[in-house]
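S.K.: Supplied structure: work-v7.pdb, PDB, C-alpha atoms.
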```
ATOM      1  CA  MET Q   1     108.840  68.131 113.141  1.00  0.00           C
ATOM      2  CA  MET Q   2     105.802  70.251 112.363  1.00  0.00           C
ATOM      3  CA  PHE Q   3     104.551  71.014 108.879  1.00  0.00           C
ATOM      4  CA  PHE Q   4     103.228  74.473 108.038  1.00  0.00           C
ATOM      5  CA  PRO Q   5     101.272  74.894 104.805  1.00  0.00           C
ATOM      6  CA  PRO Q   6     102.637  77.442 102.371  1.00  0.00           C
ATOM      7  CA  ILE Q   7     100.104  80.134 103.227  1.00  0.00           C
ATOM      8  CA  PRO Q   8     101.529  82.792 100.872  1.00  0.00           C
ATOM      9  CA  LEU Q   9     101.373  80.411  97.891  1.00  0.00           C
ATOM     10  CA  ILE Q  10      97.834  79.304  98.736  1.00  0.00           C
ATOM     11  CA  ARG Q  11      96.716  82.929  99.108  1.00  0.00           C
ATOM     12  CA  LYS Q  12      98.377  83.964  95.828  1.00  0.00           C
ATOM     13  CA  ASN Q  13      96.708  81.107  93.936  1.00  0.00           C
ATOM     14  CA  LEU Q  14      93.321  81.912  95.479  1.00  0.00           C
ATOM     15  CA  ILE Q  15      93.534  85.586  94.491  1.00  0.00           C
ATOM     16  CA  ILE Q  16      94.531  84.735  90.929  1.00  0.00           C
ATOM     17  CA  LYS Q  17      91.806  82.083  90.633  1.00  0.00           C
ATOM     18  CA  LYS Q  18      89.023  84.302  91.965  1.00  0.00           C
ATOM     19  CA  LEU Q  19      89.978  87.344  89.864  1.00  0.00           C
ATOM     20  CA  THR Q  20      90.260  85.121  86.776  1.00  0.00           C
ATOM     21  CA  GLU Q  21      86.773  83.725  87.416  1.00  0.00           C
ATOM     22  CA  CYS Q  22      85.468  87.326  87.589  1.00  0.00           C
ATOM     23  CA  ASN Q  23      87.311  88.281  84.385  1.00  0.00           C
ATOM     24  CA  ALA Q  24      89.113  91.075  86.238  1.00  0.00           C
ATOM     25  CA  PHE Q  25      91.735  91.817  83.579  1.00  0.00           C
ATOM     26  CA  SER Q  26      91.418  95.584  83.200  1.00  0.00           C
ATOM     27  CA  GLU Q  27      90.584  98.689  85.179  1.00  0.00           C
ATOM     28  CA  GLU Q  28      87.025  98.589  83.809  1.00  0.00           C
ATOM     29  CA  THR Q  29      86.448  95.031  85.057  1.00  0.00           C
ATOM     30  CA  ALA Q  30      88.407  95.362  88.329  1.00  0.00           C
ATOM     31  CA  LYS Q  31      86.820  93.937  91.488  1.00  0.00           C
ATOM     32  CA  THR Q  32      87.321  94.339  95.197  1.00  0.00           C
ATOM     33  CA  PHE Q  33      88.470  91.188  96.935  1.00  0.00           C
ATOM     34  CA  ALA Q  34      85.045  90.934  98.588  1.00  0.00           C
ATOM     35  CA  GLU Q  35      83.287  91.190  95.208  1.00  0.00           C
ATOM     36  CA  ALA Q  36      85.564  88.456  93.854  1.00  0.00           C
ATOM     37  CA  GLY Q  37      84.625  86.163  96.752  1.00  0.00           C
ATOM     38  CA  ILE Q  38      88.006  86.166  98.460  1.00  0.00           C
ATOM     39  CA  ILE Q  39      87.672  85.153 102.108  1.00  0.00           C
ATOM     40  CA  ASN Q  40      89.112  87.635 104.614  1.00  0.00           C
ATOM     41  CA  PRO Q  41      89.721  90.352 102.015  1.00  0.00           C
ATOM     42  CA  ASN Q  42      91.631  92.570 104.452  1.00  0.00           C
ATOM     43  CA  GLY Q  43      93.928  89.826 105.669  1.00  0.00           C
ATOM     44  CA  PHE Q  44      97.397  89.018 104.424  1.00  0.00           C
ATOM     45  CA  ASN Q  45      98.210  92.566 103.300  1.00  0.00           C
ATOM     46  CA  LYS Q  46     101.912  91.759 102.892  1.00  0.00           C
ATOM     47  CA  ILE Q  47     101.059  89.054 100.369  1.00  0.00           C
ATOM     48  CA  ASN Q  48      98.814  91.468  98.482  1.00  0.00           C
ATOM     49  CA  GLU Q  49     101.549  94.119  98.428  1.00  0.00           C
ATOM     50  CA  ARG Q  50     104.079  91.571  97.184  1.00  0.00           C
ATOM     51  CA  LEU Q  51     101.767  90.633  94.295  1.00  0.00           C
ATOM     52  CA  ILE Q  52     101.364  94.314  93.430  1.00  0.00           C
ATOM     53  CA  ASN Q  53     105.135  94.912  93.575  1.00  0.00           C
ATOM     54  CA  LYS Q  54     105.730  91.889  91.333  1.00  0.00           C
ATOM     55  CA  LYS Q  55     103.149  93.330  88.918  1.00  0.00           C
ATOM     56  CA  VAL Q  56     100.858  90.316  89.179  1.00  0.00           C
ATOM     57  CA  LEU Q  57      98.069  92.537  90.570  1.00  0.00           C
ATOM     58  CA  VAL Q  58      97.162  96.117  89.850  1.00  0.00           C
ATOM     59  CA  ARG Q  59      95.272  98.204  92.417  1.00  0.00           C
ATOM     60  CA  THR Q  60      92.978 100.940  91.097  1.00  0.00           C
ATOM     61  CA  LYS Q  61      92.427 104.319  92.735  1.00  0.00           C
ATOM     62  CA  ASP Q  62      89.101 103.154  94.169  1.00  0.00           C
ATOM     63  CA  GLY Q  63      90.576 100.080  95.889  1.00  0.00           C
ATOM     64  CA  LYS Q  64      89.729  97.453  93.298  1.00  0.00           C
ATOM     65  CA  TYR Q  65      92.139  94.942  91.801  1.00  0.00           C
ATOM     66  CA  TYR Q  66      92.732  93.293  88.466  1.00  0.00           C
ATOM     67  CA  LEU Q  67      95.277  90.868  87.053  1.00  0.00           C
ATOM     68  CA  ASN Q  68      98.096  92.327  85.003  1.00  0.00           C
ATOM     69  CA  LYS Q  69      98.451  90.474  81.712  1.00  0.00           C
TER      70      LYS Q  69
END
```
What would you get if you wrote out this structure as structure tokens?
M.R.:
Amino acid sequence: MMFFPPIPLIRKNLIIKKLTECNAFSEETAKTFAEAGIINPNGFNKINERLINKKVLVRTKDGKYYLNK
């Protein structure tokens, strides 16, 4: 039996950690994933969309993100 790491959970935790470290908690302090230091910022778009739909992340008009508190 093969074991596959929970990629979506790892990605979610990484995004939250990196945006927290950048203090991205409002539209004024929002960061792009690249600015936040997230590896492969254009990868895993379905995970990103899920976080937005669950209101964990907010995407600004200029393509930046911040954590919804």
S.K.: Taking the file as I've supplied it (selection: the PyMOL selection byres ((chain Q and resi 44) around 12)), which residues are included? Please answer as a list in words.
M.R.: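 Selection result, ordered by chain and number: Ile7, Pro8, Leu9, Ile10, Arg11, Lys12, Ile15, Phe33, Ile38, Ile39, Asn40, Pro41, Asn42, Gly43, Asn45, Lys46, Ile47, Asn48, Glu49, Arg50 and Leu51 of chain Q.
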S.K.: So that I can check the surroundings of Ser26 of chain Q, please list as an NGL selection string every protein, DNA and RNA residue that reaches within 8 Å of it, counting all atoms listed in the file and ignoring chain neighbours fewer than 5 positions away.
M.R.: :Q and (66-68)
S.K.: Choose the residue, out of Q:Thr32, Q:Pro6, Q:Leu14, Q:Ala24, that has the smallest atom-to-atom separation from Lys64 of chain Q; count all atoms listed in the file.
M.R.: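 Among Q:Thr32, Q:Pro6, Q:Leu14, Q:Ala24, it is Q:Thr32 that comes nearest to Lys64 of chain Q.
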S.K.: Could you work out how far atom CA of Tyr65 of chain Q lies from atom CA of Gly37 of chain Q, giving the answer in Å with one decimal?
M.R.: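 For atom CA of Gly37 of chain Q relative to atom CA of Tyr65 of chain Q, the distance reads 12.6 Å.
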S.K.: How many Å separate atom CA of Asn23 of chain Q from atom CA of Ala36 of chain Q?
M.R.: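 It comes out at 9.6 Å.
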S.K.: Mind giving me the straight-line distance from atom CA of Lys54 of chain Q to atom CA of Glu21 of chain Q in Å, one decimal?
M.R.: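 About the pair atom CA of Lys54 of chain Q and atom CA of Glu21 of chain Q: they are 21.0 Å apart.
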S.K.: Since the input is missing atoms for segment 2-35 of chain Q, could you rebuild it with N, CA and C atoms and give the result as a short mmCIF file (atom, residue, chain, number, x, y, z; two decimals), in the coordinates of the input?
M.R.:
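Saved file rebuild_18.cif follows:
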```cif
data_model
loop_
_atom_site.label_atom_id
_atom_site.label_comp_id
_atom_site.auth_asym_id
_atom_site.auth_seq_id
_atom_site.Cartn_x
_atom_site.Cartn_y
_atom_site.Cartn_z
N MET Q 2 107.13 69.78 112.75
CA MET Q 2 105.80 70.25 112.36
C MET Q 2 105.82 70.72 110.91
N PHE Q 3 104.69 70.57 110.26
CA PHE Q 3 104.55 71.01 108.88
C PHE Q 3 103.62 72.22 108.84
N PHE Q 4 104.06 73.29 108.20
CA PHE Q 4 103.23 74.47 108.04
C PHE Q 4 102.90 74.63 106.56
N PRO Q 5 101.62 74.75 106.22
CA PRO Q 5 101.27 74.89 104.80
C PRO Q 5 101.80 76.21 104.25
N PRO Q 6 102.10 76.23 103.00
CA PRO Q 6 102.64 77.44 102.37
C PRO Q 6 101.54 78.49 102.17
N ILE Q 7 101.20 79.17 103.24
CA ILE Q 7 100.10 80.13 103.23
C ILE Q 7 100.25 81.18 102.12
N PRO Q 8 101.43 81.78 101.94
CA PRO Q 8 101.53 82.79 100.87
C PRO Q 8 101.21 82.23 99.48
N LEU Q 9 101.65 81.01 99.20
CA LEU Q 9 101.37 80.41 97.89
C LEU Q 9 99.89 80.10 97.74
N ILE Q 10 99.27 79.60 98.77
CA ILE Q 10 97.83 79.30 98.74
C ILE Q 10 97.05 80.59 98.52
N ARG Q 11 97.40 81.64 99.24
CA ARG Q 11 96.72 82.93 99.11
C ARG Q 11 96.89 83.50 97.70
N LYS Q 12 98.11 83.45 97.18
CA LYS Q 12 98.38 83.96 95.83
C LYS Q 12 97.51 83.23 94.81
N ASN Q 13 97.49 81.91 94.88
CA ASN Q 13 96.71 81.11 93.94
C ASN Q 13 95.22 81.39 94.06
N LEU Q 14 94.74 81.61 95.27
CA LEU Q 14 93.32 81.91 95.48
C LEU Q 14 92.96 83.26 94.84
N ILE Q 15 93.79 84.27 95.06
CA ILE Q 15 93.53 85.59 94.49
C ILE Q 15 93.50 85.51 92.97
N ILE Q 16 94.47 84.85 92.38
CA ILE Q 16 94.53 84.74 90.93
C ILE Q 16 93.32 83.97 90.39
N LYS Q 17 92.95 82.89 91.07
CA LYS Q 17 91.81 82.08 90.63
C LYS Q 17 90.52 82.89 90.68
N LYS Q 18 90.27 83.56 91.80
CA LYS Q 18 89.02 84.30 91.96
C LYS Q 18 88.92 85.49 91.00
N LEU Q 19 90.01 86.21 90.80
CA LEU Q 19 89.98 87.34 89.86
C LEU Q 19 89.85 86.86 88.42
N THR Q 20 90.41 85.70 88.11
CA THR Q 20 90.26 85.12 86.78
C THR Q 20 88.81 84.73 86.54
N GLU Q 21 88.18 84.12 87.54
CA GLU Q 21 86.77 83.72 87.42
C GLU Q 21 85.87 84.93 87.21
N CYS Q 22 86.25 86.09 87.74
CA CYS Q 22 85.47 87.33 87.59
C CYS Q 22 85.86 88.12 86.35
N ASN Q 23 86.80 87.59 85.57
CA ASN Q 23 87.31 88.28 84.38
C ASN Q 23 87.84 89.67 84.71
N ALA Q 24 88.54 89.79 85.81
CA ALA Q 24 89.11 91.08 86.24
C ALA Q 24 90.50 91.23 85.61
N PHE Q 25 90.49 91.69 84.34
CA PHE Q 25 91.74 91.82 83.58
C PHE Q 25 92.03 93.24 83.14
N SER Q 26 91.19 94.19 83.56
CA SER Q 26 91.42 95.58 83.20
C SER Q 26 90.82 96.48 84.28
N GLU Q 27 91.11 97.75 84.19
CA GLU Q 27 90.58 98.69 85.18
C GLU Q 27 89.06 98.74 85.13
N GLU Q 28 88.49 98.56 83.95
CA GLU Q 28 87.02 98.59 83.81
C GLU Q 28 86.35 97.38 84.45
N THR Q 29 87.04 96.25 84.50
CA THR Q 29 86.45 95.03 85.06
C THR Q 29 87.02 94.69 86.44
N ALA Q 30 87.78 95.60 87.02
CA ALA Q 30 88.41 95.36 88.33
C ALA Q 30 87.35 95.10 89.40
N LYS Q 31 87.72 94.30 90.38
CA LYS Q 31 86.82 93.94 91.49
C LYS Q 31 87.53 94.15 92.82
N THR Q 32 86.75 94.39 93.86
CA THR Q 32 87.32 94.34 95.20
C THR Q 32 87.49 92.87 95.54
N PHE Q 33 88.30 92.59 96.53
CA PHE Q 33 88.47 91.19 96.94
C PHE Q 33 87.14 90.62 97.42
N ALA Q 34 86.34 91.42 98.10
CA ALA Q 34 85.04 90.93 98.59
C ALA Q 34 84.13 90.60 97.41
N GLU Q 35 84.11 91.45 96.39
CA GLU Q 35 83.29 91.19 95.21
C GLU Q 35 83.73 89.92 94.49
#
```
